[in-house]
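Have a look at the structure below before the remarks.
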2 protein chains.
Amino acid sequence: MKYNLAILGATGAVGMEMINILAERNFPVDELRLLASSRSAGKKIDTPFGEITVIEATSNAFEGIDIVLGAAENDISVRFAEDIKKSGAIYIDNSSAFRMNDDVPLVVPEINPEDVKKHNGIIANPNCTTIITLVAINGIRKLSEIKGIYASSYQAVSGAGAGGPVEMYEQSKSILNGEKTVESKVFAHQIAFNLIPQIGGFGENGYSSEEMKLQNEGRKIMHLPNLTVSCTCVRVPVERSHSISANIITADRLELEDVENMIAKMPGCKLMMGDEYPMPIDTSNQDTVFVGRIRRDLVNENGINLFCCGDQVRKGAATNAVQIAELLIN
Amino acid sequence: MKYNLAILGATGAVGMEMINILAERNFPVDELRLLASSRSAGKKIDTPFGEITVIEATSNAFEGIDIVLGAAENDISVRFAEDIKKSGAIYIDNSSAFRMNDDVPLVVPEINPEDVKKHNGIIANPNCTTIITLVAINGIRKLSEIKGIYASSYQAVSGAGAGGPVEMYEQSKSILNGEKTVESKVFAHQIAFNLIPQIGGFGENGYSSEEMKLQNEGRKIMHLPNLTVSCTCVRVPVERSHSISANIITADRLELEDVENMIAKMPGCKLMMGDEYPMPIDTSNQDTVFVGRIRRDLVNENGINLFCCGDQVRKGAATNAVQIAELLIN
């Protein structure tokens with residue numbers, strides 16, 4: 001059996017990756033419809049499924065489609081969600097618009113695949129940093145209930161879309177050419193050779209929207225309504241792969257060896273030991289989340305300290321969405 | 001009264017900065033003797049104190065000197081420490097060789113200036129990340145006893161010496177020119193557009209030497225023998241200024257407003273509020289430690305979450321050493 005798929009926001013970084021991942025994973029595609037704004041409509045894209053002309057996303061663009069993969073921003077997602085449902089397609093949405101809705105499953109296939117069944121037309125794909133962190137700590141969750149997480153992120157510029165790397169490299173060139181000031185459009189400040197400790201807007205409690213996602217989405221995905229997370233999200237001048245330094249507080253005191261053995265067994269995870277550790281340049285353009293630097297938390301004896309790294313455009317977005325589609329058809 | 005000073009390791013990044021800072025702070029310098037390895041001996045250096053010829057560091061190079069500022073590696077520091085003591089000079093050492101010795105005070109002038117008096121010829125200058133973090137949390141320490149710290153660092157390449165920025169910029173140029181592989185000499189791996197979650201060698205507990213310094217040196221400087229610290233140190237492609245994302249666990253539950261008011265009052269500290277936060281490009285080439293993103297820890301109600309940033313060559317090394325010299329002569 002083959003399926004008709006549409007990608008909403010097909011010309012963005014995540015949308016383009018979705019096309020490749022559908023092909024890589026031999027997803028049984030009959031028609032692949034690429035939808036984007038009127039600006040991109042008419043553009044011809046060379047895909048593993050042949051050349052496809054981009055169509056403007058409109059209310060009736062979803063007719064005959066079985067599954068829509070959403071790679072658009074929240075406002076676009078909200079605008080078309082009802083049209084998608086009406087067309088009879090199931091909507092797997094990468095935006096954050098519907099993630100916390102009670103009737104919308106939020107799924108990381110390695111963690112809560114069974115939640116897919118509860119959908120009501122929409123299934124949400126979690127935040128990229130959340131996916132990478134939760135896949136990394138999935139083995140710990142199997143050993144003891146996770147009570148709290150301290151996390152500091154090192155987030156790649158491609159997390160801000162295709163324009164992020166362009167801006168970082170342009171700014172880097174300018175600085176290497178001796179220019180004193182650079183232009184920032186994608187980011188609020190210079191990102192080349194700098195750090196920006198803000199991703200998303202700040203809420204009343206001082207945390208950014210990105211920082212609260214790990215707690216809010218983590219609670220829903222792991223079915224841990226009382227989980228607490230103190231997160232700090234920082235943009236770093238790295239092209240691809242988000243990294244997270246995390247301390248995981250568990251109900252029981254765990255042995256490091258048990259943690260390592262369990263992480264090594266988890267799907268989608270690769271354990272690194274000794275002098276080897278995850279780095280963005282080694283973990284990009286693949287779906288595995290790399291986990292290393294595993295050690296005992298020195299503040300809390302029920303804590304485990306680790307450093308993980310994964311490609312946020314792939315496993316943190318496009319691959320996870322295609323995996324959800326695979327759960328749907330199997 | 002004026003003093004004869006020597007800088008041991010004068011031609012390195014920290015040594016050169018010490019010369020400038022002595023002049024900036026109007027330190028009462030009579031003679032300034034610049035000592036380095038035989039390789040640099042004879043080199044003429046233009047300083048605010050006039051042109052000075054570098055002299056080879058030998059056993060009797062310290063005669064007539066009142067204060068030696070050490071900016072050399074551990075092995076050089078150990079080699080000359082006895083010679084310095086014999087010459088009658090006081091040795092303010094930036095290496096980590098003597099920091100944990102019982103008869104060697106370890107001093108951050110904003111925190112434990114009184115410890116300077118207990119010296120026995122050597123006073124140690126703390127680790128750069130330790131200095132910046134402790135100056136940032138000094139206000140919290142005044143409000144309640146600090147029990148534990150979770151810290152993840154974002155450390156600039158200049159922390160590895162003058163060769164660090166050269167390597168980062170050379171690698172960046174190569175990558176922007178389309179080269180696929182780059183040469184790494186200063187760092188174990190490519191640092192341009194990458195992260196390296198290792199600074200120093202790994203100990204038996206899995207922590208790197210750099211990571212353990214915040215706990216071990218923090219205990220000594222703050223007189224908190226039971227302080228526990230879980231630290232992760234990461235090298236980032238930033239030229240100058242180390243940043244630290246930290247959660248500070250205190251004995252009592254603190255009000256955010258009290259924390260902010262106290263940090264704003266602390267010497268050497270600048271509080272940033274609302275949408276303003278510390279970033280390396282804004283905090284370099286100055287002595288202030290910038291503290292922002294102050295918010296309540298969501299895991300532990302007795303915790304405070306913050307992001308701080310400071311120039312590790314200046315306040316994290318050279319300036320702190322000159323401040324110790326000022327304590328000595330006052």
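Residues are referred to by chain and number: the chain letter is A, B, ... according to the order shown in the structure tokens, the number counts from 1 in that chain, and ligands are numbered separately from 1 in the order shown.
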* With a distance cut-off of 9 Å and only C-alpha atoms, select the neighbouring residues of B:Leu69, excluding the residue or stretch itself and same-chain residues fewer than 5 positions from it, and output the selection as JSON, numbers by chain. => {"B": [5, 6, 7, 8, 9, 10, 15, 18, 90, 91, 92, 93, 94, 318, 321, 322, 325]}
Written file, previous selection with C-alpha atoms, as a tab-separated table (two decimals), in the first residue's frame:
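Once everything was written out, this is result.tsv:
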```tsv
chain	number	residue	atom	x	y	z
B	5	LEU	CA	57.81	43.65	39.99
B	6	ALA	CA	58.64	40.70	37.80
B	7	ILE	CA	56.27	38.85	35.48
B	8	LEU	CA	57.16	35.19	35.02
B	9	GLY	CA	55.87	34.09	31.62
B	10	ALA	CA	55.60	37.69	30.45
B	15	GLY	CA	51.60	37.96	31.03
B	18	MET	CA	49.34	41.88	33.32
B	90	ILE	CA	56.14	37.35	47.21
B	91	TYR	CA	54.88	35.09	44.44
B	92	ILE	CA	51.33	35.62	43.09
B	93	ASP	CA	50.91	32.56	40.91
B	94	ASN	CA	48.28	32.11	38.20
B	318	ALA	CA	45.63	39.06	35.01
B	321	ALA	CA	46.48	38.82	40.19
B	322	VAL	CA	47.14	42.58	40.11
B	325	ALA	CA	49.21	42.61	44.57
```
Which residues of stretch 66-109 of chain B have any atom within 12 Å of an atom in stretch 155-172 of chain B when counting only C-alpha atoms, and what is the closest pair of atoms for each, with the distance in Å to one decimal? Order the rows by chain and rising number and write it as a Markdown table.
```
| residue | atom | partner | partner_atom | distance |
| --- | --- | --- | --- | --- |
| B:Ala71 | CA | B:Gly161 | CA | 10.6 |
| B:Ala72 | CA | B:Gly161 | CA | 10.5 |
| B:Glu73 | CA | B:Gly161 | CA | 10.5 |
```
Between chain B and chain A, at 7 Å or less, what are the per-residue closest atom pairs and their distances in Å? Count only C-alpha atoms, order by chain and rising residue number, and return it as a tab-separated table.
```
residue	atom	partner	partner_atom	distance
B:Gly148	CA	A:Val299	CA	5.7
B:Ser152	CA	A:Ser152	CA	6.5
B:Phe193	CA	A:Val238	CA	4.3
B:Asn194	CA	A:Val238	CA	5.4
B:Leu195	CA	A:Met279	CA	5.9
B:Ile196	CA	A:Met279	CA	6.3
B:Asn205	CA	A:Arg295	CA	6.7
B:Gly206	CA	A:Arg295	CA	5.6
B:Thr228	CA	A:Val299	CA	5.0
B:Val229	CA	A:Val299	CA	5.7
B:Ser230	CA	A:Leu298	CA	5.1
B:Thr232	CA	A:Ser245	CA	7.0
B:Pro237	CA	A:Phe193	CA	5.7
B:Val238	CA	A:Phe193	CA	4.4
B:Glu239	CA	A:Phe193	CA	6.4
B:Ser245	CA	A:Ser152	CA	6.7
B:Met279	CA	A:Leu195	CA	5.9
B:Pro280	CA	A:Asn194	CA	5.8
B:Ile281	CA	A:Asn194	CA	6.1
B:Arg293	CA	A:Gly206	CA	6.9
B:Arg295	CA	A:Gly206	CA	5.6
B:Asp297	CA	A:Ser230	CA	5.7
B:Leu298	CA	A:Ser230	CA	5.1
B:Val299	CA	A:Thr228	CA	5.0
```
* Asked: Residues at most 12 Å from B:Asp30, counting only C-alpha atoms, excluding those fewer than 5 positions away in the same chain, as an MDAnalysis selection string?
  -> chainID B and resid 1:6 22:23 49:50 64:67
* What does the distance from atom CA of A:Arg253 to atom CA of A:Thr288 come to in Å, to one decimal? -> 27.3 Å
* To do: From a DSSP pass on the backbone, collect the residues of stretch 72-310 of chain A flagged as helix (DSSP H, G or I) and hand them back as a PyMOL selection string.
  => chain A and resi 74-87+113-118+128-143+157-160+163-176+209-222+256-265+280-283
Distance query stretch 113-130 of chain B at most 7 Å, only C-alpha atoms, self and fewer than 2 positions along chain excluded, as an mmCIF file with N, CA, C and O atoms, in the first residue's frame:
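Heads up, here's the output in part_25.cif:
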```cif
data_model
loop_
_atom_site.group_PDB
_atom_site.id
_atom_site.type_symbol
_atom_site.label_atom_id
_atom_site.label_comp_id
_atom_site.auth_asym_id
_atom_site.auth_seq_id
_atom_site.Cartn_x
_atom_site.Cartn_y
_atom_site.Cartn_z
ATOM 1 N N LYS B 85 60.907 32.483 46.486
ATOM 2 C CA LYS B 85 60.834 32.631 47.954
ATOM 3 C C LYS B 85 62.196 33.026 48.512
ATOM 4 O O LYS B 85 62.303 33.922 49.353
ATOM 5 N N ILE B 90 57.403 38.071 47.034
ATOM 6 C CA ILE B 90 56.139 37.350 47.209
ATOM 7 C C ILE B 90 55.651 36.939 45.828
ATOM 8 O O ILE B 90 55.687 37.732 44.883
ATOM 9 N N TYR B 91 55.224 35.679 45.731
ATOM 10 C CA TYR B 91 54.876 35.094 44.436
ATOM 11 C C TYR B 91 53.355 34.967 44.318
ATOM 12 O O TYR B 91 52.730 34.214 45.056
ATOM 13 N N ILE B 92 52.769 35.730 43.384
ATOM 14 C CA ILE B 92 51.329 35.622 43.093
ATOM 15 C C ILE B 92 51.207 34.792 41.815
ATOM 16 O O ILE B 92 51.524 35.263 40.723
ATOM 17 N N ASP B 93 50.784 33.553 41.983
ATOM 18 C CA ASP B 93 50.908 32.562 40.911
ATOM 19 C C ASP B 93 49.571 32.260 40.257
ATOM 20 O O ASP B 93 48.620 31.851 40.926
ATOM 21 N N ASN B 94 49.506 32.410 38.940
ATOM 22 C CA ASN B 94 48.277 32.110 38.204
ATOM 23 C C ASN B 94 48.155 30.638 37.813
ATOM 24 O O ASN B 94 47.104 30.202 37.357
ATOM 25 N N PHE B 98 49.964 25.389 43.051
ATOM 26 C CA PHE B 98 49.960 25.524 44.519
ATOM 27 C C PHE B 98 48.585 25.864 45.101
ATOM 28 O O PHE B 98 48.454 26.050 46.308
ATOM 29 N N ARG B 99 47.572 25.940 44.240
ATOM 30 C CA ARG B 99 46.274 26.468 44.690
ATOM 31 C C ARG B 99 45.688 25.736 45.879
ATOM 32 O O ARG B 99 45.059 26.349 46.735
ATOM 33 N N ASP B 103 49.120 26.037 53.005
ATOM 34 C CA ASP B 103 49.771 27.301 53.389
ATOM 35 C C ASP B 103 49.780 28.323 52.254
ATOM 36 O O ASP B 103 50.501 29.319 52.329
ATOM 37 N N VAL B 104 48.967 28.081 51.221
ATOM 38 C CA VAL B 104 48.881 29.026 50.095
ATOM 39 C C VAL B 104 47.461 29.592 50.029
ATOM 40 O O VAL B 104 46.516 28.856 49.738
ATOM 41 N N PRO B 105 47.288 30.890 50.318
ATOM 42 C CA PRO B 105 45.947 31.470 50.167
ATOM 43 C C PRO B 105 45.526 31.470 48.691
ATOM 44 O O PRO B 105 46.373 31.619 47.805
ATOM 45 N N LEU B 106 44.244 31.273 48.472
ATOM 46 C CA LEU B 106 43.664 31.289 47.119
ATOM 47 C C LEU B 106 42.629 32.412 47.160
ATOM 48 O O LEU B 106 41.644 32.313 47.893
ATOM 49 N N VAL B 107 42.874 33.489 46.406
ATOM 50 C CA VAL B 107 42.157 34.733 46.705
ATOM 51 C C VAL B 107 41.432 35.330 45.504
ATOM 52 O O VAL B 107 42.003 35.490 44.416
ATOM 53 N N VAL B 108 40.158 35.649 45.721
ATOM 54 C CA VAL B 108 39.419 36.548 44.836
ATOM 55 C C VAL B 108 39.159 37.796 45.680
ATOM 56 O O VAL B 108 38.402 37.731 46.652
ATOM 57 N N PRO B 109 39.799 38.920 45.368
ATOM 58 C CA PRO B 109 39.739 40.088 46.261
ATOM 59 C C PRO B 109 38.332 40.537 46.627
ATOM 60 O O PRO B 109 38.115 41.045 47.725
ATOM 61 N N GLU B 110 37.344 40.319 45.751
ATOM 62 C CA GLU B 110 35.965 40.705 46.086
ATOM 63 C C GLU B 110 35.364 39.764 47.130
ATOM 64 O O GLU B 110 34.344 40.071 47.731
ATOM 65 N N ILE B 111 35.967 38.579 47.331
ATOM 66 C CA ILE B 111 35.342 37.563 48.184
ATOM 67 C C ILE B 111 36.117 37.317 49.478
ATOM 68 O O ILE B 111 35.558 37.413 50.561
ATOM 69 N N ILE B 132 35.180 33.931 37.698
ATOM 70 C CA ILE B 132 34.015 34.583 37.085
ATOM 71 C C ILE B 132 32.724 34.103 37.745
ATOM 72 O O ILE B 132 31.850 34.900 38.093
ATOM 73 N N THR B 133 32.615 32.799 37.987
ATOM 74 C CA THR B 133 31.395 32.267 38.613
ATOM 75 C C THR B 133 31.249 32.804 40.040
ATOM 76 O O THR B 133 30.165 33.235 40.444
ATOM 77 N N LEU B 134 32.346 32.800 40.809
ATOM 78 C CA LEU B 134 32.232 33.217 42.212
ATOM 79 C C LEU B 134 31.943 34.706 42.342
ATOM 80 O O LEU B 134 31.180 35.115 43.226
ATOM 81 N N LYS B 213 37.765 22.092 39.415
ATOM 82 C CA LYS B 213 38.303 23.307 40.045
ATOM 83 C C LYS B 213 37.216 24.152 40.694
ATOM 84 O O LYS B 213 37.426 24.732 41.752
ATOM 85 N N LEU B 214 36.055 24.217 40.052
ATOM 86 C CA LEU B 214 34.993 25.072 40.607
ATOM 87 C C LEU B 214 34.578 24.565 41.989
ATOM 88 O O LEU B 214 34.333 25.364 42.897
ATOM 89 N N GLU B 217 38.283 24.699 44.344
ATOM 90 C CA GLU B 217 38.722 26.071 44.613
ATOM 91 C C GLU B 217 37.600 26.882 45.252
ATOM 92 O O GLU B 217 37.831 27.715 46.128
ATOM 93 N N GLY B 218 36.362 26.613 44.825
ATOM 94 C CA GLY B 218 35.212 27.308 45.413
ATOM 95 C C GLY B 218 35.110 27.058 46.912
ATOM 96 O O GLY B 218 34.828 27.972 47.695
ATOM 97 N N HIS B 242 34.560 34.020 29.063
ATOM 98 C CA HIS B 242 33.907 32.762 29.409
ATOM 99 C C HIS B 242 32.486 33.066 29.882
ATOM 100 O O HIS B 242 32.249 34.070 30.551
ATOM 101 N N GLN B 312 37.986 36.257 30.778
ATOM 102 C CA GLN B 312 38.784 35.347 31.604
ATOM 103 C C GLN B 312 40.281 35.658 31.557
ATOM 104 O O GLN B 312 41.009 35.245 32.449
ATOM 105 N N GLY B 316 39.484 37.009 35.010
ATOM 106 C CA GLY B 316 39.728 35.593 35.283
ATOM 107 C C GLY B 316 41.188 35.248 35.487
ATOM 108 O O GLY B 316 41.512 34.110 35.834
ATOM 109 N N ALA B 317 42.103 36.203 35.288
ATOM 110 C CA ALA B 317 43.532 35.889 35.439
ATOM 111 C C ALA B 317 44.329 37.147 35.804
ATOM 112 O O ALA B 317 44.632 37.386 36.971
ATOM 113 N N ASN B 320 42.824 39.872 38.363
ATOM 114 C CA ASN B 320 42.703 39.315 39.715
ATOM 115 C C ASN B 320 44.082 39.241 40.395
ATOM 116 O O ASN B 320 44.217 39.546 41.582
ATOM 117 N N ALA B 321 45.124 38.895 39.624
ATOM 118 C CA ALA B 321 46.476 38.817 40.189
ATOM 119 C C ALA B 321 46.971 40.197 40.603
ATOM 120 O O ALA B 321 47.561 40.362 41.687
#
```
* From the set A:Ile137, A:Ile21, A:Ile45, A:Met262, which residue has the shortest atom-to-atom contact distance to A:Val289, counting only C-alpha atoms? -> A:Ile137
* stretch 27-173 of chain A: residues DSSP assigns to strand (DSSP E), reported as a ChimeraX atom specification -> /A:29-36,44-47,50-53,55-56,67-70,90-93,122-124,146-154
Write to file, as an mmCIF file, in the first residue's frame, the residues of the selection just made, with N, CA and C atoms.
```cif
data_model
loop_
_atom_site.group_PDB
_atom_site.id
_atom_site.type_symbol
_atom_site.label_atom_id
_atom_site.label_comp_id
_atom_site.auth_asym_id
_atom_site.auth_seq_id
_atom_site.Cartn_x
_atom_site.Cartn_y
_atom_site.Cartn_z
ATOM 1 N N VAL A 29 5.577 6.102 -0.631
ATOM 2 C CA VAL A 29 4.967 7.334 -1.134
ATOM 3 C C VAL A 29 4.333 7.078 -2.497
ATOM 4 N N ASP A 30 3.071 7.450 -2.631
ATOM 5 C CA ASP A 30 2.463 7.441 -3.969
ATOM 6 C C ASP A 30 2.672 8.841 -4.543
ATOM 7 N N GLU A 31 1.821 9.816 -4.126
ATOM 8 C CA GLU A 31 2.059 11.208 -4.534
ATOM 9 C C GLU A 31 2.785 11.947 -3.414
ATOM 10 N N LEU A 32 3.720 12.812 -3.784
ATOM 11 C CA LEU A 32 4.328 13.731 -2.806
ATOM 12 C C LEU A 32 4.014 15.147 -3.265
ATOM 13 N N ARG A 33 3.226 15.849 -2.464
ATOM 14 C CA ARG A 33 2.814 17.210 -2.829
ATOM 15 C C ARG A 33 3.612 18.197 -1.974
ATOM 16 N N LEU A 34 4.257 19.141 -2.629
ATOM 17 C CA LEU A 34 5.062 20.123 -1.887
ATOM 18 C C LEU A 34 4.314 21.449 -1.840
ATOM 19 N N LEU A 35 3.971 21.868 -0.619
ATOM 20 C CA LEU A 35 3.177 23.082 -0.443
ATOM 21 C C LEU A 35 4.009 24.155 0.259
ATOM 22 N N ALA A 36 3.860 25.382 -0.216
ATOM 23 C CA ALA A 36 4.575 26.500 0.408
ATOM 24 C C ALA A 36 3.805 27.780 0.138
ATOM 25 N N LYS A 44 10.523 24.571 -9.130
ATOM 26 C CA LYS A 44 10.691 23.138 -9.394
ATOM 27 C C LYS A 44 11.799 22.595 -8.497
ATOM 28 N N ILE A 45 11.488 21.530 -7.790
ATOM 29 C CA ILE A 45 12.478 20.972 -6.862
ATOM 30 C C ILE A 45 12.832 19.554 -7.294
ATOM 31 N N ASP A 46 14.149 19.333 -7.413
ATOM 32 C CA ASP A 46 14.671 18.000 -7.737
ATOM 33 C C ASP A 46 14.627 17.146 -6.481
ATOM 34 N N THR A 47 13.843 16.087 -6.480
ATOM 35 C CA THR A 47 13.747 15.238 -5.293
ATOM 36 C C THR A 47 14.051 13.793 -5.691
ATOM 37 N N GLY A 50 11.656 12.375 -8.085
ATOM 38 C CA GLY A 50 11.535 13.084 -9.359
ATOM 39 C C GLY A 50 11.377 14.571 -9.128
ATOM 40 N N GLU A 51 11.309 15.335 -10.213
ATOM 41 C CA GLU A 51 11.137 16.781 -10.095
ATOM 42 C C GLU A 51 9.698 17.078 -9.695
ATOM 43 N N ILE A 52 9.534 17.918 -8.678
ATOM 44 C CA ILE A 52 8.190 18.254 -8.195
ATOM 45 C C ILE A 52 8.046 19.774 -8.188
ATOM 46 N N THR A 53 6.915 20.254 -8.694
ATOM 47 C CA THR A 53 6.656 21.696 -8.700
ATOM 48 C C THR A 53 5.922 22.080 -7.416
ATOM 49 N N ILE A 55 3.504 23.848 -4.958
ATOM 50 C CA ILE A 55 2.139 24.384 -5.100
ATOM 51 C C ILE A 55 1.864 25.331 -3.940
ATOM 52 N N GLU A 56 1.082 26.366 -4.183
ATOM 53 C CA GLU A 56 0.737 27.289 -3.102
ATOM 54 C C GLU A 56 -0.171 26.590 -2.086
ATOM 55 N N ILE A 67 -1.519 11.882 4.531
ATOM 56 C CA ILE A 67 -0.734 12.409 5.666
ATOM 57 C C ILE A 67 -0.082 13.721 5.249
ATOM 58 N N VAL A 68 -0.255 14.743 6.101
ATOM 59 C CA VAL A 68 0.442 16.023 5.890
ATOM 60 C C VAL A 68 1.561 16.130 6.917
ATOM 61 N N LEU A 69 2.777 16.354 6.433
ATOM 62 C CA LEU A 69 3.898 16.625 7.341
ATOM 63 C C LEU A 69 4.046 18.149 7.414
ATOM 64 N N GLY A 70 3.887 18.705 8.618
ATOM 65 C CA GLY A 70 3.941 20.161 8.773
ATOM 66 C C GLY A 70 5.343 20.628 9.131
ATOM 67 N N ILE A 90 -4.285 13.082 7.962
ATOM 68 C CA ILE A 90 -3.769 13.215 9.327
ATOM 69 C C ILE A 90 -2.597 14.185 9.274
ATOM 70 N N TYR A 91 -2.591 15.102 10.226
ATOM 71 C CA TYR A 91 -1.617 16.187 10.216
ATOM 72 C C TYR A 91 -0.536 15.935 11.282
ATOM 73 N N ILE A 92 0.714 15.713 10.843
ATOM 74 C CA ILE A 92 1.849 15.578 11.771
ATOM 75 C C ILE A 92 2.595 16.900 11.741
ATOM 76 N N ASP A 93 2.444 17.670 12.816
ATOM 77 C CA ASP A 93 2.839 19.080 12.795
ATOM 78 C C ASP A 93 4.115 19.315 13.604
ATOM 79 N N ILE A 122 -4.677 15.386 14.472
ATOM 80 C CA ILE A 122 -3.387 16.076 14.573
ATOM 81 C C ILE A 122 -2.475 15.315 15.545
ATOM 82 N N ILE A 123 -1.227 15.124 15.133
ATOM 83 C CA ILE A 123 -0.191 14.594 16.030
ATOM 84 C C ILE A 123 0.934 15.619 16.006
ATOM 85 N N ALA A 124 1.437 15.985 17.171
ATOM 86 C CA ALA A 124 2.479 17.015 17.203
ATOM 87 C C ALA A 124 3.862 16.390 17.333
ATOM 88 N N ILE A 146 12.222 9.762 36.628
ATOM 89 C CA ILE A 146 12.944 11.039 36.552
ATOM 90 C C ILE A 146 12.122 12.093 37.291
ATOM 91 N N LYS A 147 12.768 12.759 38.270
ATOM 92 C CA LYS A 147 12.087 13.771 39.085
ATOM 93 C C LYS A 147 12.377 15.183 38.574
ATOM 94 N N GLY A 148 13.609 15.412 38.157
ATOM 95 C CA GLY A 148 13.977 16.762 37.736
ATOM 96 C C GLY A 148 15.128 16.730 36.756
ATOM 97 N N ILE A 149 15.267 17.791 35.984
ATOM 98 C CA ILE A 149 16.357 17.905 35.011
ATOM 99 C C ILE A 149 16.943 19.316 35.083
ATOM 100 N N TYR A 150 18.278 19.406 35.194
ATOM 101 C CA TYR A 150 18.984 20.666 34.967
ATOM 102 C C TYR A 150 19.591 20.571 33.572
ATOM 103 N N ALA A 151 19.298 21.524 32.715
ATOM 104 C CA ALA A 151 19.827 21.446 31.352
ATOM 105 C C ALA A 151 20.327 22.802 30.886
ATOM 106 N N SER A 152 21.483 22.804 30.248
ATOM 107 C CA SER A 152 21.983 23.994 29.554
ATOM 108 C C SER A 152 22.258 23.566 28.125
ATOM 109 N N SER A 153 21.704 24.314 27.176
ATOM 110 C CA SER A 153 21.837 23.887 25.780
ATOM 111 C C SER A 153 22.869 24.709 25.039
ATOM 112 N N TYR A 154 23.364 24.122 23.976
ATOM 113 C CA TYR A 154 24.313 24.742 23.049
ATOM 114 C C TYR A 154 23.671 24.518 21.677
#
```
